[in-house]
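Structure file protein.pdb (PDB, C-alpha atoms, pLDDT in the B column) follows.
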```pdb
ATOM      1  CA  MET A   1       0.000   0.000   0.000  1.00 43.00           C
ATOM      2  CA  ASN A   2       1.416   3.412  -0.947  1.00 49.00           C
ATOM      3  CA  GLY A   3       1.387   6.497   1.215  1.00 46.00           C
ATOM      4  CA  ARG A   4      -1.533   8.099  -0.608  1.00 44.00           C
ATOM      5  CA  ALA A   5      -3.777   5.069  -0.230  1.00 44.00           C
ATOM      6  CA  GLU A   6      -2.804   4.793   3.431  1.00 46.00           C
ATOM      7  CA  GLN A   7      -3.927   8.356   4.059  1.00 43.00           C
ATOM      8  CA  MET A   8      -7.413   7.530   2.788  1.00 42.00           C
ATOM      9  CA  ARG A   9      -7.976   5.234   5.709  1.00 50.00           C
ATOM     10  CA  HIS A  10      -9.817   6.756   8.662  1.00 58.00           C
ATOM     11  CA  ALA A  11      -9.900   3.996  11.258  1.00 73.00           C
ATOM     12  CA  ILE A  12     -10.104   5.446  14.732  1.00 86.00           C
ATOM     13  CA  SER A  13      -7.081   4.585  16.832  1.00 89.00           C
ATOM     14  CA  PRO A  14      -7.659   3.092  20.296  1.00 90.00           C
ATOM     15  CA  PHE A  15      -5.536   6.040  21.486  1.00 91.00           C
ATOM     16  CA  SER A  16      -7.571   8.659  19.603  1.00 89.00           C
ATOM     17  CA  SER A  17      -8.813  11.788  21.349  1.00 84.00           C
ATOM     18  CA  GLN A  18     -12.058  11.227  19.419  1.00 87.00           C
ATOM     19  CA  HIS A  19     -13.011   8.727  22.095  1.00 90.00           C
ATOM     20  CA  LYS A  20     -14.507  10.061  25.290  1.00 91.00           C
ATOM     21  CA  TRP A  21     -11.814   9.953  27.953  1.00 95.00           C
ATOM     22  CA  GLU A  22     -12.069  10.720  31.659  1.00 96.00           C
ATOM     23  CA  LEU A  23      -9.075  11.003  33.979  1.00 96.00           C
ATOM     24  CA  LYS A  24      -9.239   9.768  37.568  1.00 96.00           C
ATOM     25  CA  TRP A  25      -6.163  11.013  39.398  1.00 97.00           C
ATOM     26  CA  ARG A  26      -4.859   9.964  42.758  1.00 94.00           C
ATOM     27  CA  ARG A  27      -3.465  12.988  44.590  1.00 92.00           C
ATOM     28  CA  ILE A  28      -0.936  12.802  47.404  1.00 86.00           C
ATOM     29  CA  PRO A  29      -2.188  14.793  50.424  1.00 83.00           C
ATOM     30  CA  SER A  30       0.432  17.024  52.045  1.00 74.00           C
ATOM     31  CA  ARG A  31      -0.028  15.177  55.341  1.00 69.00           C
ATOM     32  CA  GLU A  32       0.900  11.920  53.598  1.00 66.00           C
ATOM     33  CA  LEU A  33       4.044  13.489  52.177  1.00 61.00           C
ATOM     34  CA  SER A  34       5.072  14.740  55.616  1.00 53.00           C
ATOM     35  CA  LYS A  35       4.913  11.154  56.903  1.00 55.00           C
ATOM     36  CA  GLN A  36       7.273   9.909  54.209  1.00 54.00           C
ATOM     37  CA  ARG A  37      10.248   8.416  56.015  1.00 46.00           C
ATOM     38  CA  PRO A  38      13.751   9.274  54.728  1.00 47.00           C
ATOM     39  CA  GLY A  39      14.604   5.572  54.699  1.00 43.00           C
ATOM     40  CA  MET A  40      11.738   4.786  52.343  1.00 42.00           C
ATOM     41  CA  VAL A  41      13.604   5.741  49.190  1.00 45.00           C
ATOM     42  CA  LEU A  42      13.765   3.459  46.176  1.00 54.00           C
ATOM     43  CA  ASP A  43      13.143   0.330  48.227  1.00 59.00           C
ATOM     44  CA  THR A  44      13.943  -2.176  45.495  1.00 68.00           C
ATOM     45  CA  ASN A  45      16.861  -4.384  44.534  1.00 69.00           C
ATOM     46  CA  SER A  46      15.245  -5.429  41.268  1.00 84.00           C
ATOM     47  CA  ARG A  47      16.995  -4.255  38.101  1.00 88.00           C
ATOM     48  CA  LYS A  48      13.712  -4.547  36.204  1.00 91.00           C
ATOM     49  CA  GLU A  49      11.925  -2.344  38.733  1.00 91.00           C
ATOM     50  CA  ARG A  50      14.712   0.248  38.735  1.00 90.00           C
ATOM     51  CA  LYS A  51      14.714   0.321  34.942  1.00 92.00           C
ATOM     52  CA  ALA A  52      10.940   0.820  34.848  1.00 94.00           C
ATOM     53  CA  LEU A  53      11.127   3.610  37.431  1.00 93.00           C
ATOM     54  CA  GLU A  54      13.839   5.421  35.486  1.00 92.00           C
ATOM     55  CA  ARG A  55      11.790   5.203  32.284  1.00 94.00           C
ATOM     56  CA  ILE A  56       8.669   6.485  34.034  1.00 95.00           C
ATOM     57  CA  ALA A  57      10.701   9.373  35.445  1.00 92.00           C
ATOM     58  CA  SER A  58      11.874  10.329  31.949  1.00 94.00           C
ATOM     59  CA  VAL A  59       8.405  10.401  30.397  1.00 96.00           C
ATOM     60  CA  GLY A  60       6.010  10.957  33.311  1.00 95.00           C
ATOM     61  CA  LEU A  61       3.753   7.901  33.317  1.00 97.00           C
ATOM     62  CA  ILE A  62       3.153   4.480  31.783  1.00 97.00           C
ATOM     63  CA  GLU A  63       0.143   2.259  31.123  1.00 97.00           C
ATOM     64  CA  GLY A  64      -0.281  -0.670  33.506  1.00 96.00           C
ATOM     65  CA  ASN A  65      -0.096  -3.334  30.801  1.00 95.00           C
ATOM     66  CA  GLN A  66       3.113  -1.781  29.493  1.00 96.00           C
ATOM     67  CA  LEU A  67       4.808  -2.318  32.852  1.00 95.00           C
ATOM     68  CA  GLN A  68       4.145  -6.028  32.402  1.00 95.00           C
ATOM     69  CA  GLN A  69       4.785  -6.334  28.673  1.00 95.00           C
ATOM     70  CA  ILE A  70       7.791  -4.052  28.224  1.00 95.00           C
ATOM     71  CA  PHE A  71       9.577  -4.428  31.552  1.00 94.00           C
ATOM     72  CA  LYS A  72       8.437  -7.982  32.312  1.00 94.00           C
ATOM     73  CA  LEU A  73       7.136  -7.084  35.735  1.00 95.00           C
ATOM     74  CA  LYS A  74       4.698  -9.542  37.262  1.00 94.00           C
ATOM     75  CA  LYS A  75       1.489  -8.382  38.916  1.00 94.00           C
ATOM     76  CA  PRO A  76       2.759  -9.193  42.464  1.00 94.00           C
ATOM     77  CA  GLN A  77       5.830  -7.025  41.773  1.00 93.00           C
ATOM     78  CA  ILE A  78       3.667  -4.142  40.605  1.00 95.00           C
ATOM     79  CA  ARG A  79       1.434  -4.458  43.684  1.00 94.00           C
ATOM     80  CA  ARG A  80       4.532  -4.460  45.885  1.00 92.00           C
ATOM     81  CA  MET A  81       5.853  -1.333  44.165  1.00 92.00           C
ATOM     82  CA  GLU A  82       2.477   0.286  44.839  1.00 93.00           C
ATOM     83  CA  SER A  83       2.467  -0.729  48.495  1.00 91.00           C
ATOM     84  CA  PHE A  84       5.903   0.859  48.990  1.00 89.00           C
ATOM     85  CA  ASN A  85       4.814   4.038  47.186  1.00 88.00           C
ATOM     86  CA  LEU A  86       7.393   3.512  44.454  1.00 90.00           C
ATOM     87  CA  ILE A  87       4.588   4.035  41.953  1.00 94.00           C
ATOM     88  CA  LEU A  88       1.055   5.422  42.151  1.00 95.00           C
ATOM     89  CA  LYS A  89      -1.914   4.017  40.261  1.00 97.00           C
ATOM     90  CA  HIS A  90      -4.333   6.257  38.377  1.00 98.00           C
ATOM     91  CA  PHE A  91      -7.074   5.522  35.852  1.00 98.00           C
ATOM     92  CA  ILE A  92      -8.198   6.845  32.510  1.00 97.00           C
ATOM     93  CA  ARG A  93     -11.735   5.807  31.602  1.00 96.00           C
ATOM     94  CA  LYS A  94     -12.822   4.955  28.063  1.00 93.00           C
ATOM     95  CA  ASN A  95     -16.326   3.755  27.213  1.00 86.00           C
ATOM     96  CA  GLY A  96     -16.995   2.955  30.854  1.00 87.00           C
ATOM     97  CA  GLN A  97     -13.811   0.903  31.251  1.00 92.00           C
ATOM     98  CA  ASP A  98     -11.011   1.989  33.590  1.00 96.00           C
ATOM     99  CA  ILE A  99      -7.496   1.642  32.196  1.00 96.00           C
ATOM    100  CA  PRO A 100      -4.840   1.744  34.947  1.00 97.00           C
ATOM    101  CA  PHE A 101      -1.591   3.643  34.533  1.00 98.00           C
ATOM    102  CA  TYR A 102       1.221   4.658  36.843  1.00 97.00           C
ATOM    103  CA  THR A 103       3.300   7.677  37.780  1.00 96.00           C
ATOM    104  CA  LEU A 104       6.271   7.825  40.128  1.00 92.00           C
ATOM    105  CA  GLY A 105       5.488   7.583  43.798  1.00 89.00           C
ATOM    106  CA  PRO A 106       7.072   9.699  46.572  1.00 84.00           C
ATOM    107  CA  ALA A 107       9.268   6.822  47.788  1.00 82.00           C
ATOM    108  CA  SER A 108      11.118   6.525  44.490  1.00 76.00           C
ATOM    109  CA  ALA A 109      11.055  10.173  43.495  1.00 69.00           C
ATOM    110  CA  GLU A 110      13.819  11.427  45.789  1.00 66.00           C
ATOM    111  CA  LYS A 111      16.329   9.047  44.240  1.00 71.00           C
ATOM    112  CA  ILE A 112      15.109   9.125  40.638  1.00 75.00           C
ATOM    113  CA  VAL A 113      14.003  12.768  40.392  1.00 71.00           C
ATOM    114  CA  PRO A 114      15.656  14.984  43.015  1.00 67.00           C
ATOM    115  CA  ARG A 115      13.380  17.886  42.029  1.00 73.00           C
ATOM    116  CA  PHE A 116      10.220  15.824  42.313  1.00 77.00           C
ATOM    117  CA  VAL A 117       7.060  17.926  42.350  1.00 81.00           C
ATOM    118  CA  PRO A 118       4.244  16.150  44.209  1.00 83.00           C
ATOM    119  CA  ASN A 119       1.131  15.663  42.096  1.00 90.00           C
ATOM    120  CA  TYR A 120       2.942  16.758  38.933  1.00 91.00           C
ATOM    121  CA  TRP A 121       0.604  14.512  36.956  1.00 94.00           C
ATOM    122  CA  VAL A 122      -2.586  16.516  37.553  1.00 94.00           C
ATOM    123  CA  GLU A 123      -1.441  19.007  34.913  1.00 94.00           C
ATOM    124  CA  TYR A 124      -1.631  16.337  32.216  1.00 96.00           C
ATOM    125  CA  ARG A 125      -4.634  16.387  29.908  1.00 95.00           C
ATOM    126  CA  ALA A 126      -6.114  13.186  28.505  1.00 96.00           C
ATOM    127  CA  GLU A 127      -4.128  13.798  25.291  1.00 96.00           C
ATOM    128  CA  ASP A 128      -0.902  14.028  27.312  1.00 96.00           C
ATOM    129  CA  VAL A 129      -1.605  10.681  28.954  1.00 97.00           C
ATOM    130  CA  LEU A 130      -2.416   9.046  25.617  1.00 97.00           C
ATOM    131  CA  ASN A 131       0.730  10.466  24.034  1.00 97.00           C
ATOM    132  CA  ARG A 132       2.800   8.818  26.743  1.00 97.00           C
ATOM    133  CA  PHE A 133       1.068   5.499  26.174  1.00 97.00           C
ATOM    134  CA  ILE A 134       1.922   5.733  22.486  1.00 96.00           C
ATOM    135  CA  PHE A 135       5.513   6.804  23.266  1.00 97.00           C
ATOM    136  CA  PHE A 136       6.066   3.548  25.113  1.00 97.00           C
ATOM    137  CA  ARG A 137       4.554   1.665  22.178  1.00 96.00           C
ATOM    138  CA  LEU A 138       7.306   3.190  20.048  1.00 96.00           C
ATOM    139  CA  TYR A 139       9.930   2.343  22.659  1.00 96.00           C
ATOM    140  CA  ASP A 140       8.672  -1.247  22.713  1.00 95.00           C
ATOM    141  CA  LEU A 141       9.132  -1.384  18.941  1.00 94.00           C
ATOM    142  CA  LEU A 142      12.733  -0.166  19.132  1.00 93.00           C
ATOM    143  CA  LYS A 143      13.965  -1.537  22.453  1.00 89.00           C
ATOM    144  CA  ASP A 144      15.487  -4.631  20.832  1.00 88.00           C
ATOM    145  CA  GLN A 145      17.737  -2.230  18.917  1.00 89.00           C
ATOM    146  CA  LYS A 146      19.147  -1.102  22.282  1.00 89.00           C
ATOM    147  CA  ALA A 147      17.068   2.070  22.469  1.00 92.00           C
ATOM    148  CA  TYR A 148      17.276   4.044  25.731  1.00 94.00           C
ATOM    149  CA  VAL A 149      14.589   6.388  27.030  1.00 96.00           C
ATOM    150  CA  ARG A 150      15.703   9.949  27.687  1.00 95.00           C
ATOM    151  CA  THR A 151      13.974  13.114  28.831  1.00 94.00           C
ATOM    152  CA  ALA A 152      13.170  15.834  26.335  1.00 95.00           C
ATOM    153  CA  PRO A 153      11.913  19.419  26.593  1.00 94.00           C
ATOM    154  CA  LYS A 154       8.430  20.436  25.503  1.00 94.00           C
ATOM    155  CA  PRO A 155       6.775  19.972  23.080  1.00 96.00           C
ATOM    156  CA  PHE A 156       8.404  16.530  22.807  1.00 97.00           C
ATOM    157  CA  THR A 157       6.934  13.632  24.758  1.00 97.00           C
ATOM    158  CA  GLY A 158      10.372  12.128  25.327  1.00 97.00           C
ATOM    159  CA  ALA A 159      13.499  11.048  23.488  1.00 97.00           C
ATOM    160  CA  LEU A 160      15.147   7.795  22.481  1.00 97.00           C
ATOM    161  CA  GLU A 161      18.878   7.235  22.258  1.00 96.00           C
ATOM    162  CA  LEU A 162      19.598   4.792  19.458  1.00 92.00           C
ATOM    163  CA  ASN A 163      23.052   3.884  18.131  1.00 89.00           C
ATOM    164  CA  GLY A 164      24.530   6.936  19.780  1.00 89.00           C
ATOM    165  CA  ASN A 165      21.952   9.260  18.207  1.00 91.00           C
ATOM    166  CA  LEU A 166      19.293  11.145  20.145  1.00 95.00           C
ATOM    167  CA  LEU A 167      15.857  10.957  18.550  1.00 96.00           C
ATOM    168  CA  TYR A 168      13.335  13.482  19.831  1.00 97.00           C
ATOM    169  CA  VAL A 169       9.841  11.977  19.873  1.00 98.00           C
ATOM    170  CA  TYR A 170       6.823  14.174  19.245  1.00 98.00           C
ATOM    171  CA  CYS A 171       3.490  12.460  19.829  1.00 97.00           C
ATOM    172  CA  THR A 172       0.275  14.181  18.827  1.00 95.00           C
ATOM    173  CA  ARG A 173      -3.405  13.321  18.865  1.00 93.00           C
ATOM    174  CA  GLY A 174      -4.047  15.936  16.155  1.00 90.00           C
ATOM    175  CA  ASP A 175      -2.907  19.443  17.087  1.00 92.00           C
ATOM    176  CA  THR A 176       0.664  20.396  16.076  1.00 95.00           C
ATOM    177  CA  LYS A 177       0.672  24.094  16.994  1.00 95.00           C
ATOM    178  CA  ASP A 178       3.301  23.685  19.716  1.00 95.00           C
ATOM    179  CA  LEU A 179       5.703  21.988  17.296  1.00 95.00           C
ATOM    180  CA  GLN A 180       4.977  24.617  14.643  1.00 94.00           C
ATOM    181  CA  MET A 181       5.958  27.345  17.079  1.00 94.00           C
ATOM    182  CA  LEU A 182       9.196  25.569  17.950  1.00 93.00           C
ATOM    183  CA  LEU A 183      10.173  25.147  14.303  1.00 91.00           C
ATOM    184  CA  LYS A 184       9.202  28.712  13.470  1.00 90.00           C
ATOM    185  CA  TRP A 185      11.365  30.379  16.092  1.00 88.00           C
ATOM    186  CA  LYS A 186      14.159  27.903  16.749  1.00 82.00           C
ATOM    187  CA  PRO A 187      16.288  26.062  14.176  1.00 80.00           C
ATOM    188  CA  PHE A 188      16.032  22.338  14.842  1.00 86.00           C
ATOM    189  CA  THR A 189      18.779  20.133  13.477  1.00 87.00           C
ATOM    190  CA  ASP A 190      18.374  16.997  15.586  1.00 91.00           C
ATOM    191  CA  ARG A 191      16.619  13.853  14.452  1.00 93.00           C
ATOM    192  CA  MET A 192      12.915  13.602  15.179  1.00 95.00           C
ATOM    193  CA  ILE A 193      10.233  10.918  15.181  1.00 97.00           C
ATOM    194  CA  ILE A 194       6.588  11.963  15.037  1.00 97.00           C
ATOM    195  CA  VAL A 195       3.797   9.630  16.136  1.00 97.00           C
ATOM    196  CA  THR A 196       0.367  10.711  14.925  1.00 96.00           C
ATOM    197  CA  GLU A 197      -3.041   9.144  14.517  1.00 93.00           C
ATOM    198  CA  HIS A 198      -3.327  10.264  10.881  1.00 93.00           C
ATOM    199  CA  ILE A 199      -0.774  11.584   8.404  1.00 93.00           C
ATOM    200  CA  GLN A 200      -3.078  14.428   7.356  1.00 92.00           C
ATOM    201  CA  TYR A 201      -2.743  15.929  10.842  1.00 94.00           C
ATOM    202  CA  LEU A 202       0.826  16.865   9.865  1.00 94.00           C
ATOM    203  CA  LYS A 203      -0.164  19.029   6.886  1.00 93.00           C
ATOM    204  CA  PRO A 204       0.637  22.306   8.747  1.00 93.00           C
ATOM    205  CA  LEU A 205       4.270  21.144   9.024  1.00 92.00           C
ATOM    206  CA  ASP A 206       4.803  20.979   5.249  1.00 89.00           C
ATOM    207  CA  ILE A 207       6.394  24.418   5.011  1.00 86.00           C
ATOM    208  CA  PHE A 208       9.036  23.514   7.596  1.00 87.00           C
ATOM    209  CA  LEU A 209       9.774  20.147   6.032  1.00 84.00           C
ATOM    210  CA  GLN A 210      10.317  21.555   2.557  1.00 73.00           C
ATOM    211  CA  ASP A 211      12.294  24.637   3.547  1.00 65.00           C
ATOM    212  CA  ARG A 212      14.563  23.227   6.240  1.00 61.00           C
ATOM    213  CA  LYS A 213      14.935  19.579   5.301  1.00 69.00           C
ATOM    214  CA  LEU A 214      14.212  18.375   8.790  1.00 81.00           C
ATOM    215  CA  LYS A 215      15.537  14.940   9.672  1.00 89.00           C
ATOM    216  CA  VAL A 216      12.197  13.439  10.585  1.00 94.00           C
ATOM    217  CA  ARG A 217      10.409  10.115  10.256  1.00 95.00           C
ATOM    218  CA  VAL A 218       6.767   9.494  11.054  1.00 96.00           C
ATOM    219  CA  ILE A 219       4.772   6.527  12.225  1.00 97.00           C
ATOM    220  CA  THR A 220       1.012   6.421  12.619  1.00 96.00           C
ATOM    221  CA  ASP A 221      -0.922   4.713  15.382  1.00 95.00           C
ATOM    222  CA  GLU A 222      -2.244   2.254  12.813  1.00 94.00           C
ATOM    223  CA  GLN A 223       1.268   1.292  11.696  1.00 94.00           C
ATOM    224  CA  LEU A 224       2.617   1.173  15.225  1.00 94.00           C
ATOM    225  CA  LEU A 225      -0.039  -1.345  16.211  1.00 91.00           C
ATOM    226  CA  ARG A 226       0.759  -3.640  13.282  1.00 91.00           C
ATOM    227  CA  GLU A 227       2.828  -6.780  13.573  1.00 89.00           C
ATOM    228  CA  SER A 228       5.374  -5.335  11.101  1.00 90.00           C
ATOM    229  CA  PRO A 229       5.228  -1.542  11.435  1.00 93.00           C
ATOM    230  CA  GLN A 230       6.627   0.829   8.815  1.00 94.00           C
ATOM    231  CA  PHE A 231       7.755   4.433   9.060  1.00 96.00           C
ATOM    232  CA  TYR A 232       7.032   7.271   6.666  1.00 95.00           C
ATOM    233  CA  THR A 233       9.552   9.675   5.143  1.00 91.00           C
ATOM    234  CA  TYR A 234       8.814  12.976   3.437  1.00 88.00           C
ATOM    235  CA  LYS A 235       9.939  12.901  -0.173  1.00 84.00           C
ATOM    236  CA  GLU A 236       8.939  13.585  -3.748  1.00 76.00           C
ATOM    237  CA  ASN A 237       6.488  11.259  -5.451  1.00 80.00           C
ATOM    238  CA  GLU A 238       6.304  10.449  -9.154  1.00 80.00           C
ATOM    239  CA  ASP A 239       4.590  13.794  -9.812  1.00 77.00           C
ATOM    240  CA  LYS A 240       7.435  15.706  -8.122  1.00 76.00           C
ATOM    241  CA  VAL A 241       5.156  16.572  -5.218  1.00 79.00           C
ATOM    242  CA  PHE A 242       6.366  16.119  -1.649  1.00 79.00           C
ATOM    243  CA  GLU A 243       4.320  13.786   0.503  1.00 84.00           C
ATOM    244  CA  TRP A 244       4.686  11.278   3.312  1.00 89.00           C
ATOM    245  CA  MET A 245       5.512   7.905   1.814  1.00 90.00           C
ATOM    246  CA  LEU A 246       5.953   4.552   3.497  1.00 91.00           C
ATOM    247  CA  GLU A 247       9.530   3.359   3.619  1.00 86.00           C
ATOM    248  CA  SER A 248      10.316   0.134   1.860  1.00 74.00           C
ATOM    249  CA  SER A 249      10.963  -2.805   4.153  1.00 57.00           C
ATOM    250  CA  GLY A 250      14.646  -2.681   3.235  1.00 47.00           C
ATOM    251  CA  GLN A 251      15.193   0.879   4.482  1.00 49.00           C
TER     252      GLN A 251
END
```
Step by step, read the file and then write its structure as structure tokens.
Amino acid sequence: MNGRAEQMRHAISPFSSQHKWELKWRRIPSRELSKQRPGMVLDTNSRKERKALERIASVGLIEGNQLQQIFKLKKPQIRRMESFNLILKHFIRKNGQDIPFYTLGPASAEKIVPRFVPNYWVEYRAEDVLNRFIFFRLYDLLKDQKAYVRTAPKPFTGALELNGNLLYVYCTRGDTKDLQMLLKWKPFTDRMIIVTEHIQYLKPLDIFLQDRKLKVRVITDEQLLRESPQFYTYKENEDKVFEWMLESSGQ
């Protein structure tokens, strides 16, 4: 299937903001924080748990299933991490179903994030939560290539270090105004990966792609959820018109 035919598809992603989402946050009361004992810091000797905590710290949160699938944590381990306040469980509701996800807890924050801000997560919108779910989908795709999760400034969701190169990851559920503003006022020469529900959402970026030759690849939700995902690159088609085209499997 070519890029043009792919764009004609309008299947709604399970991560789409077109669904009705409702966030159910757990807040840490100040009295609970004052009871936090200095000795209760990163109470784990598990490499898998430490790795998961570091990745959560870099991005902000992770879906519950992803803790099991990506980091191979068993449910008893996750419950233990909860009980020791290494992580905190929250929910995002879709069609009446609660989907659990996790942020850092106060017991792990002091070691992982020295400047931990209690309840930092309440500033996230539903789109921000979904973008972080989809970021970890991308990480899961690339982790066998020795990808490492890194922090990144706004408007990026996070970054991935791959083969010594830093790839800034921009995830969007539709709106790209924040990325447009960045590209308009600040030259960007680093590599970038964009994850979007539909290619057509990226139309406002055309002027930046053509004029500055940004080093960017794109993957859609639909591709990312496939068994053999493919990325898009921005290049000329047979009619000498620039468009997003699927890379060949050999690229």
| query | Nearest to A:Gln223 among A:Arg80, A:His198, A:Arg93, A:Lys143, with distances taken over all atoms listed in the file: which residue is it? | reply |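 When distances to A:Gln223 are compared using all atoms listed in the file, the smallest one comes from A:His198.
Distances to A:Val149 were evaluated for A:Lys203, A:Val59, A:Leu209, A:Glu127 using all atoms listed in the file, and the minimum falls at A:Val59.
Ranking A:Val241, A:Leu214, A:Leu73, A:Ile193 by their shortest atom-to-atom distance to A:Phe135, with all atoms listed in the file included, puts A:Ile193 first.
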Exercise. Between A:His90, A:Arg173, A:Lys20, A:Lys111, which has the minimum distance to A:Leu53 (counting all atoms listed in the file)?
Worked result: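 Looking only at the distances to A:Leu53, the closest residue turns out to be A:Lys111.
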**Prompt:** Expressed in Å to a single decimal, how great is the separation between atom CA of A:Gln210 and atom CA of A:Gly174?
**Reply:**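 Spanning atom CA of A:Gln210 to atom CA of A:Gly174 is a straight-line distance of 20.6 Å.
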The distance between atom CA of A:Leu160 and atom CA of A:Ile62 is 15.5 Å
Inset, instruction - Could you tell me which residues the PyMOL selection byres ((chain A and resi 89) around 7) grabs in this file, written as a list in words? - result: Ile87, Leu88, His90, Phe91, Pro100, Phe101, Tyr102 and Thr103 of chain A
(message) So the first atom is atom CA of A:Glu63 and the second is atom CA of A:Lys146; what is the distance between them in Å, to one decimal place?
(response)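 Between atom CA of A:Glu63 and atom CA of A:Lys146 the gap is 21.2 Å.
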For the file shown, report as a PyMOL selection string the outcome of the PyMOL selection byres ((chain A and resi 154) around 12) at residue level. chain A and resi 59+128+151-153+155-159+168-171+178-179+181-182
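Here the PyMOL selection byres ((chain A and resi 113) around 12) captures the residues Val41, Leu42, Leu53, Glu54, Arg55, Ile56, Ala57, Ser58, Val59, Gly60, Leu104, Gly105, Pro106, Ala107, Ser108, Ala109, Glu110, Lys111, Ile112, Pro114, Arg115, Phe116, Val117, Pro118, Tyr120 and Thr151 of chain A.
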Take the residues from that selection and put them in a file with C-alpha atoms, as a PDB file, keeping the file's coordinate frame.
```pdb
ATOM      1  CA  VAL A  41      13.604   5.741  49.190  1.00 45.00           C
ATOM      2  CA  LEU A  42      13.765   3.459  46.176  1.00 54.00           C
ATOM      3  CA  LEU A  53      11.127   3.610  37.431  1.00 93.00           C
ATOM      4  CA  GLU A  54      13.839   5.421  35.486  1.00 92.00           C
ATOM      5  CA  ARG A  55      11.790   5.203  32.284  1.00 94.00           C
ATOM      6  CA  ILE A  56       8.669   6.485  34.034  1.00 95.00           C
ATOM      7  CA  ALA A  57      10.701   9.373  35.445  1.00 92.00           C
ATOM      8  CA  SER A  58      11.874  10.329  31.949  1.00 94.00           C
ATOM      9  CA  VAL A  59       8.405  10.401  30.397  1.00 96.00           C
ATOM     10  CA  GLY A  60       6.010  10.957  33.311  1.00 95.00           C
ATOM     11  CA  LEU A 104       6.271   7.825  40.128  1.00 92.00           C
ATOM     12  CA  GLY A 105       5.488   7.583  43.798  1.00 89.00           C
ATOM     13  CA  PRO A 106       7.072   9.699  46.572  1.00 84.00           C
ATOM     14  CA  ALA A 107       9.268   6.822  47.788  1.00 82.00           C
ATOM     15  CA  SER A 108      11.118   6.525  44.490  1.00 76.00           C
ATOM     16  CA  ALA A 109      11.055  10.173  43.495  1.00 69.00           C
ATOM     17  CA  GLU A 110      13.819  11.427  45.789  1.00 66.00           C
ATOM     18  CA  LYS A 111      16.329   9.047  44.240  1.00 71.00           C
ATOM     19  CA  ILE A 112      15.109   9.125  40.638  1.00 75.00           C
ATOM     20  CA  PRO A 114      15.656  14.984  43.015  1.00 67.00           C
ATOM     21  CA  ARG A 115      13.380  17.886  42.029  1.00 73.00           C
ATOM     22  CA  PHE A 116      10.220  15.824  42.313  1.00 77.00           C
ATOM     23  CA  VAL A 117       7.060  17.926  42.350  1.00 81.00           C
ATOM     24  CA  PRO A 118       4.244  16.150  44.209  1.00 83.00           C
ATOM     25  CA  TYR A 120       2.942  16.758  38.933  1.00 91.00           C
ATOM     26  CA  THR A 151      13.974  13.114  28.831  1.00 94.00           C
TER      27      THR A 151
END
```
Min atom-atom distance to A:Arg137 from the set A:Lys215, A:Arg226, A:Lys184, A:Lys74, counting all atoms listed in the file, belongs to A:Arg226
Q: Would you kindly identify which residues have an atom no farther than 8 Å from (7.3, 21.1, 10.3), using only C-alpha atoms and the file's own coordinates, and write them out as number ranges by chain?
A: A: 179-180, 183, 202, 204-209, 214
Shortest contact to A:Phe71, candidates A:Phe136, A:Trp244, A:Tyr232, A:Phe188, atoms counted only C-alpha atoms, goes to A:Phe136
